[in-house]
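To start, the structure itself, in C-alpha cells.
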Amino acid sequence: MALQLGDTAPDFKAESTEGTIQFHDWIGDKWAILFSHPKDYTPVCTTELGAVAKLKSEFDKRNVKVVGLSVDPLDDHHGWAKDIEETQGAALNFPLIADDDRAISDRYGMIHPNADDTLTVRSVFVIGPDKKIKLTLTYPASTGRNFDEVLRIVDSLQLTAQHQVATPVNWKHGDDVIIVPSVSDSAAKEKFPDGWRAEKPYLRYVKDPSS
Ligand code: BEZ
C-alpha cells in the first residue's frame, strides 16, 4: 500500500556518505526531507544535489535535515561527490543514502515500474518532527525539481503546524495567510486579536504570523 500523507514515515537503517543512519533517530526532533534521485553520474541529479548543498543554510534555518538517496552503491556516491563539487561549486554537505538492495526505495514507493523498473523516480518526502509524512512530490527522471519551491512548502507546512493557518495560491513567506475553516470566528478573535480581512465568511486573511 502506497504511503500517504499522515502515515508514519517508515524507519530504516542505511549506509550513507556520512555513515550509518537510523532514520527516526537521525531526524530527532527536527523536520526532515528525504529525496530520491534516479542514478549516480547523471546530469540532472548532479545539478539538483549541488543546488541542495547551496541551500543547506536555508534548510538549517528552518530546522530541517535533508538526505538524498539512490539505488547506487556508496563507492559511486563518493566518486560522484567529487564531480558535484567540481561542476556545481558546492560540496555535498548532507548524507546520500546507498540503497543498493532497494529496500528503502520499495518501502517508500520510489520505484515506478511503468516509468522505469530499475531506477528511482524523483520523490520528495517532507516529514515532521512527529515522523509523519506531511508532503510528497513525484517527478519523472527528466524533470529536475525546484528546491526553492521545496523551501516554500516547508514554510507553509511549518506555519500550519504552529498557527492554524493555510497559505493561498503562490504564497511566499511574508504574504498574508488564510485562517483555516476549522477555526470559528470566535476562536479566531482569540488567536488573531488584531483582526482579519474577510472577503467572504470562509475567506479570511491575516498577516503572516511568522513575519
Ligand atoms: C539525470 O539525472 O540527468 C537523469 C537520470 C535518469 C534519466 C534521465 C535523466
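Ligands are numbered from 1 in the order shown, residues from 1 within each chain, and chains are lettered A, B, ... in the order they appear in the C-alpha cells.
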Write as a PyMOL selection string the residues around ligand 1, taking 7 Å as the cut-off and counting only C-alpha atoms and all ligand atoms. chain A and resi 38-39+42-46+141-142
Which of segment 43-196 of chain A DSSP labels strand (DSSP E or B), written as JSON, numbers by chain: {"A": [64, 65, 66, 67, 68, 69, 70, 96, 97, 98, 111, 120, 122, 123, 124, 125, 126, 127, 132, 133, 134, 135, 136, 137, 138, 139, 165, 166, 177, 178, 179]}
Would you list the contacts of Asp72 of chain A as a PyMOL selection string, taking every protein, DNA or RNA residue within 7 Å and counting only C-alpha atoms, but skipping same-chain residues closer than 3 positions in sequence? chain A and resi 39-40+76+98-100
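Nearest residue to Thr118 of chain A, choosing from A:Leu151, A:Asp11, A:Pro95, A:Ser70 and counting only C-alpha atoms: A:Ser70.
Nearest residue to Phe59 of chain A among A:Asp148, A:Asp29, A:Asp7, A:Glu190 is A:Asp148, counting only C-alpha atoms.
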Give me the residues within 12 Å of Asp185 of chain A as a list in words, counting only C-alpha atoms and dropping any in the same chain fewer than 3 places off. Ile179, Val180, Pro181, Ser182, Ala188, Lys189, Glu190, Lys191, Phe192, Pro193, Gly195, Trp196, Arg197, Ala198, Pro201, Tyr202, Leu203 and Arg204 of chain A
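Of the listed residues A:Gln164, A:Ser184, A:Ser105, A:Asn114, the one whose atoms come nearest to Ala14 of chain A is A:Ser105, with distances taken using only C-alpha atoms.
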Among chain A, which residues carry a DSSP assignment of alpha helix (DSSP H), reported as a short mmCIF file (atom, residue, chain, number, x, y, z; two decimals) with N, CA and C atoms, in the first residue's frame?
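Listing of states_34.cif after writing:
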```cif
data_model
loop_
_atom_site.label_atom_id
_atom_site.label_comp_id
_atom_site.auth_asym_id
_atom_site.auth_seq_id
_atom_site.Cartn_x
_atom_site.Cartn_y
_atom_site.Cartn_z
N PHE A 23 16.99 6.07 10.65
CA PHE A 23 16.29 7.24 10.13
C PHE A 23 15.58 8.05 11.22
N HIS A 24 14.76 7.41 12.04
CA HIS A 24 14.00 8.18 13.03
C HIS A 24 14.93 8.85 14.05
N ASP A 25 15.97 8.13 14.45
CA ASP A 25 16.93 8.73 15.40
C ASP A 25 17.65 9.91 14.74
N TRP A 26 17.97 9.73 13.47
CA TRP A 26 18.67 10.79 12.73
C TRP A 26 17.80 12.05 12.64
N ILE A 27 16.50 11.86 12.44
CA ILE A 27 15.59 13.02 12.37
C ILE A 27 15.54 13.72 13.72
N PRO A 43 23.23 13.78 -15.29
CA PRO A 43 23.35 15.25 -15.30
C PRO A 43 22.34 16.00 -14.44
N VAL A 44 21.07 15.65 -14.55
CA VAL A 44 20.06 16.42 -13.80
C VAL A 44 20.30 16.26 -12.29
N CYS A 45 20.56 15.03 -11.88
CA CYS A 45 20.82 14.77 -10.45
C CYS A 45 22.01 15.57 -9.95
N THR A 46 23.03 15.67 -10.79
CA THR A 46 24.22 16.42 -10.39
C THR A 46 23.85 17.87 -10.07
N THR A 47 23.01 18.46 -10.92
CA THR A 47 22.63 19.86 -10.67
C THR A 47 21.75 19.97 -9.42
N GLU A 48 20.87 18.99 -9.22
CA GLU A 48 19.99 19.05 -8.04
C GLU A 48 20.78 18.98 -6.74
N LEU A 49 21.73 18.06 -6.70
CA LEU A 49 22.48 17.88 -5.44
C LEU A 49 23.34 19.10 -5.13
N GLY A 50 23.89 19.72 -6.17
CA GLY A 50 24.63 20.96 -5.96
C GLY A 50 23.71 22.05 -5.43
N ALA A 51 22.50 22.12 -5.97
CA ALA A 51 21.55 23.16 -5.53
C ALA A 51 21.15 22.95 -4.07
N VAL A 52 20.91 21.69 -3.70
CA VAL A 52 20.52 21.43 -2.30
C VAL A 52 21.68 21.78 -1.36
N ALA A 53 22.91 21.46 -1.78
CA ALA A 53 24.07 21.81 -0.94
C ALA A 53 24.14 23.33 -0.74
N LYS A 54 23.85 24.08 -1.80
CA LYS A 54 23.91 25.55 -1.66
C LYS A 54 22.80 26.08 -0.76
N LYS A 56 21.69 24.58 1.93
CA LYS A 56 21.75 23.91 3.24
C LYS A 56 21.46 24.88 4.40
N SER A 57 22.01 26.10 4.31
CA SER A 57 21.79 27.03 5.43
C SER A 57 20.31 27.41 5.53
N GLU A 58 19.61 27.44 4.40
CA GLU A 58 18.17 27.74 4.43
C GLU A 58 17.40 26.60 5.10
N PHE A 59 17.81 25.36 4.82
CA PHE A 59 17.15 24.23 5.49
C PHE A 59 17.49 24.26 6.99
N ASP A 60 18.74 24.55 7.32
CA ASP A 60 19.13 24.62 8.73
C ASP A 60 18.29 25.65 9.48
N LYS A 61 18.12 26.81 8.85
CA LYS A 61 17.34 27.90 9.47
C LYS A 61 15.94 27.43 9.85
N LEU A 74 27.66 2.94 -2.28
CA LEU A 74 28.36 4.03 -1.60
C LEU A 74 29.62 4.49 -2.34
N ASP A 75 30.37 3.54 -2.90
CA ASP A 75 31.60 3.91 -3.63
C ASP A 75 31.28 4.89 -4.76
N ASP A 76 30.20 4.61 -5.47
CA ASP A 76 29.78 5.51 -6.55
C ASP A 76 29.42 6.89 -5.99
N HIS A 77 28.71 6.89 -4.87
CA HIS A 77 28.31 8.18 -4.27
C HIS A 77 29.56 9.02 -3.97
N HIS A 78 30.58 8.35 -3.40
CA HIS A 78 31.79 9.11 -3.02
C HIS A 78 32.51 9.65 -4.26
N GLY A 79 32.58 8.82 -5.30
CA GLY A 79 33.25 9.27 -6.53
C GLY A 79 32.48 10.42 -7.17
N TRP A 80 31.17 10.28 -7.21
CA TRP A 80 30.31 11.28 -7.85
C TRP A 80 30.34 12.61 -7.08
N ALA A 81 30.49 12.51 -5.74
CA ALA A 81 30.51 13.73 -4.91
C ALA A 81 31.61 14.68 -5.39
N LYS A 82 32.72 14.10 -5.85
CA LYS A 82 33.82 14.95 -6.33
C LYS A 82 33.39 15.73 -7.58
N ASP A 83 32.64 15.04 -8.47
CA ASP A 83 32.15 15.71 -9.68
C ASP A 83 31.16 16.82 -9.33
N ILE A 84 30.33 16.54 -8.33
CA ILE A 84 29.32 17.54 -7.93
C ILE A 84 30.02 18.81 -7.45
N GLU A 85 31.03 18.62 -6.62
CA GLU A 85 31.77 19.78 -6.10
C GLU A 85 32.44 20.53 -7.26
N GLU A 86 33.04 19.76 -8.17
CA GLU A 86 33.77 20.39 -9.28
C GLU A 86 32.84 21.17 -10.21
N THR A 87 31.70 20.56 -10.56
CA THR A 87 30.85 21.20 -11.58
C THR A 87 29.82 22.16 -11.00
N GLN A 88 29.41 21.96 -9.75
CA GLN A 88 28.34 22.80 -9.19
C GLN A 88 28.86 23.87 -8.23
N ALA A 103 15.66 -1.64 -0.65
CA ALA A 103 14.70 -1.89 0.43
C ALA A 103 13.94 -0.61 0.77
N ILE A 104 14.67 0.50 0.86
CA ILE A 104 14.01 1.77 1.22
C ILE A 104 13.17 2.27 0.05
N SER A 105 13.76 2.20 -1.15
CA SER A 105 13.02 2.68 -2.34
C SER A 105 11.70 1.94 -2.50
N ASP A 106 11.73 0.64 -2.27
CA ASP A 106 10.49 -0.15 -2.40
C ASP A 106 9.49 0.25 -1.31
N ARG A 107 9.99 0.37 -0.08
CA ARG A 107 9.08 0.67 1.03
C ARG A 107 8.43 2.04 0.84
N PHE A 147 14.04 23.34 -5.78
CA PHE A 147 14.20 23.27 -4.32
C PHE A 147 13.87 24.58 -3.63
N ASP A 148 13.76 25.69 -4.39
CA ASP A 148 13.18 26.90 -3.78
C ASP A 148 11.72 26.63 -3.45
N GLU A 149 11.04 25.88 -4.32
CA GLU A 149 9.65 25.51 -4.05
C GLU A 149 9.56 24.59 -2.83
N VAL A 150 10.54 23.71 -2.69
CA VAL A 150 10.53 22.81 -1.51
C VAL A 150 10.68 23.65 -0.23
N LEU A 151 11.51 24.68 -0.27
CA LEU A 151 11.64 25.57 0.90
C LEU A 151 10.32 26.30 1.18
N ARG A 152 9.68 26.74 0.11
CA ARG A 152 8.40 27.44 0.26
C ARG A 152 7.36 26.51 0.90
N ILE A 153 7.39 25.25 0.46
CA ILE A 153 6.49 24.25 1.03
C ILE A 153 6.74 24.09 2.53
N VAL A 154 8.02 24.01 2.90
CA VAL A 154 8.36 23.85 4.32
C VAL A 154 7.84 25.06 5.10
N ASP A 155 8.00 26.26 4.56
CA ASP A 155 7.50 27.45 5.25
C ASP A 155 5.99 27.32 5.48
N SER A 156 5.29 26.87 4.47
CA SER A 156 3.83 26.72 4.60
C SER A 156 3.48 25.65 5.63
N LEU A 157 4.14 24.50 5.55
CA LEU A 157 3.83 23.40 6.49
C LEU A 157 4.11 23.82 7.93
N GLN A 158 5.20 24.54 8.12
CA GLN A 158 5.56 24.92 9.49
C GLN A 158 4.60 25.98 10.03
N LEU A 159 4.13 26.87 9.15
CA LEU A 159 3.13 27.86 9.58
C LEU A 159 1.85 27.17 10.01
N THR A 160 1.41 26.22 9.21
CA THR A 160 0.18 25.50 9.53
C THR A 160 0.34 24.77 10.86
N ALA A 161 1.50 24.15 11.05
CA ALA A 161 1.72 23.39 12.28
C ALA A 161 1.70 24.31 13.50
N GLN A 162 2.20 25.53 13.34
CA GLN A 162 2.34 26.40 14.51
C GLN A 162 1.16 27.34 14.73
N HIS A 163 0.45 27.71 13.65
CA HIS A 163 -0.50 28.81 13.80
C HIS A 163 -1.91 28.53 13.28
N ASP A 185 -15.07 31.99 13.95
CA ASP A 185 -14.78 33.41 14.14
C ASP A 185 -14.47 33.71 15.60
N SER A 186 -15.19 33.07 16.52
CA SER A 186 -14.94 33.40 17.94
C SER A 186 -13.55 32.89 18.36
N ALA A 187 -13.16 31.71 17.87
CA ALA A 187 -11.81 31.22 18.18
C ALA A 187 -10.76 32.10 17.50
N ALA A 188 -11.09 32.56 16.29
CA ALA A 188 -10.13 33.41 15.56
C ALA A 188 -9.89 34.72 16.29
N LYS A 189 -10.94 35.25 16.96
CA LYS A 189 -10.77 36.53 17.70
C LYS A 189 -9.71 36.38 18.78
N GLU A 190 -9.68 35.21 19.42
CA GLU A 190 -8.67 35.00 20.46
C GLU A 190 -7.28 34.80 19.86
N LYS A 191 -7.27 34.07 18.76
CA LYS A 191 -5.99 33.73 18.14
C LYS A 191 -5.36 34.90 17.38
#
```
Segment 130-138 of chain A environment, 6 Å, only C-alpha atoms, sequence neighbours closer than 6 positions dropped, as a short mmCIF file (atom, residue, chain, number, x, y, z; two decimals) with all heavy atoms, in the first residue's frame:
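Okay, this is what ended up in out-v9.cif:
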```cif
data_model
loop_
_atom_site.label_atom_id
_atom_site.label_comp_id
_atom_site.auth_asym_id
_atom_site.auth_seq_id
_atom_site.Cartn_x
_atom_site.Cartn_y
_atom_site.Cartn_z
N LEU A 5 -0.16 10.84 3.00
CA LEU A 5 0.04 11.93 3.96
C LEU A 5 -0.54 11.51 5.30
O LEU A 5 -1.62 10.91 5.37
CB LEU A 5 -0.66 13.20 3.47
CG LEU A 5 -0.22 13.73 2.10
CD1 LEU A 5 -0.82 15.12 1.86
CD2 LEU A 5 1.29 13.77 1.97
N GLY A 6 0.16 11.81 6.36
CA GLY A 6 -0.29 11.45 7.71
C GLY A 6 0.23 10.10 8.18
O GLY A 6 0.19 9.81 9.38
N ASP A 7 0.72 9.27 7.26
CA ASP A 7 1.32 7.99 7.67
C ASP A 7 2.65 8.27 8.37
O ASP A 7 3.33 9.26 8.07
CB ASP A 7 1.64 7.11 6.44
CG ASP A 7 0.38 6.54 5.79
OD1 ASP A 7 -0.72 6.69 6.38
OD2 ASP A 7 0.50 5.97 4.68
N THR A 8 3.03 7.35 9.25
CA THR A 8 4.37 7.43 9.83
C THR A 8 5.39 7.04 8.76
O THR A 8 5.23 6.00 8.10
CB THR A 8 4.49 6.49 11.04
OG1 THR A 8 3.54 6.92 12.03
CG2 THR A 8 5.89 6.52 11.64
N ALA A 9 6.41 7.87 8.58
CA ALA A 9 7.47 7.54 7.62
C ALA A 9 8.18 6.28 8.12
O ALA A 9 8.62 6.25 9.27
CB ALA A 9 8.46 8.70 7.53
N ARG A 122 12.03 10.81 -9.05
CA ARG A 122 12.44 11.92 -8.17
C ARG A 122 11.35 12.15 -7.14
O ARG A 122 10.42 12.92 -7.37
CB ARG A 122 12.68 13.19 -8.98
CG ARG A 122 13.82 13.08 -9.93
CD ARG A 122 14.18 14.38 -10.63
NE ARG A 122 15.01 14.08 -11.77
CZ ARG A 122 16.31 13.81 -11.70
NH1 ARG A 122 16.91 13.83 -10.54
NH2 ARG A 122 16.99 13.53 -12.78
N SER A 123 11.45 11.44 -6.03
CA SER A 123 10.47 11.60 -4.95
C SER A 123 10.99 12.59 -3.92
O SER A 123 12.20 12.69 -3.71
CB SER A 123 10.25 10.27 -4.22
OG SER A 123 9.76 9.29 -5.08
N VAL A 124 10.05 13.27 -3.29
CA VAL A 124 10.37 14.11 -2.12
C VAL A 124 9.38 13.76 -1.02
O VAL A 124 8.17 13.74 -1.27
CB VAL A 124 10.24 15.62 -2.44
CG1 VAL A 124 10.57 16.46 -1.20
CG2 VAL A 124 11.12 16.03 -3.61
#
```
Determine, counting only C-alpha atoms, which protein, DNA and RNA residues have an atom within 7 Å of an atom of segment 63-68 of chain A; residues of the same chain fewer than 5 positions away are not included. Present the result as a PyMOL selection string. chain A and resi 27+30-36+94-97
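Our summary of the geometry notes that atom CA of Leu119 of chain A is positioned 9.4 Å from atom CA of Arg102 of chain A.
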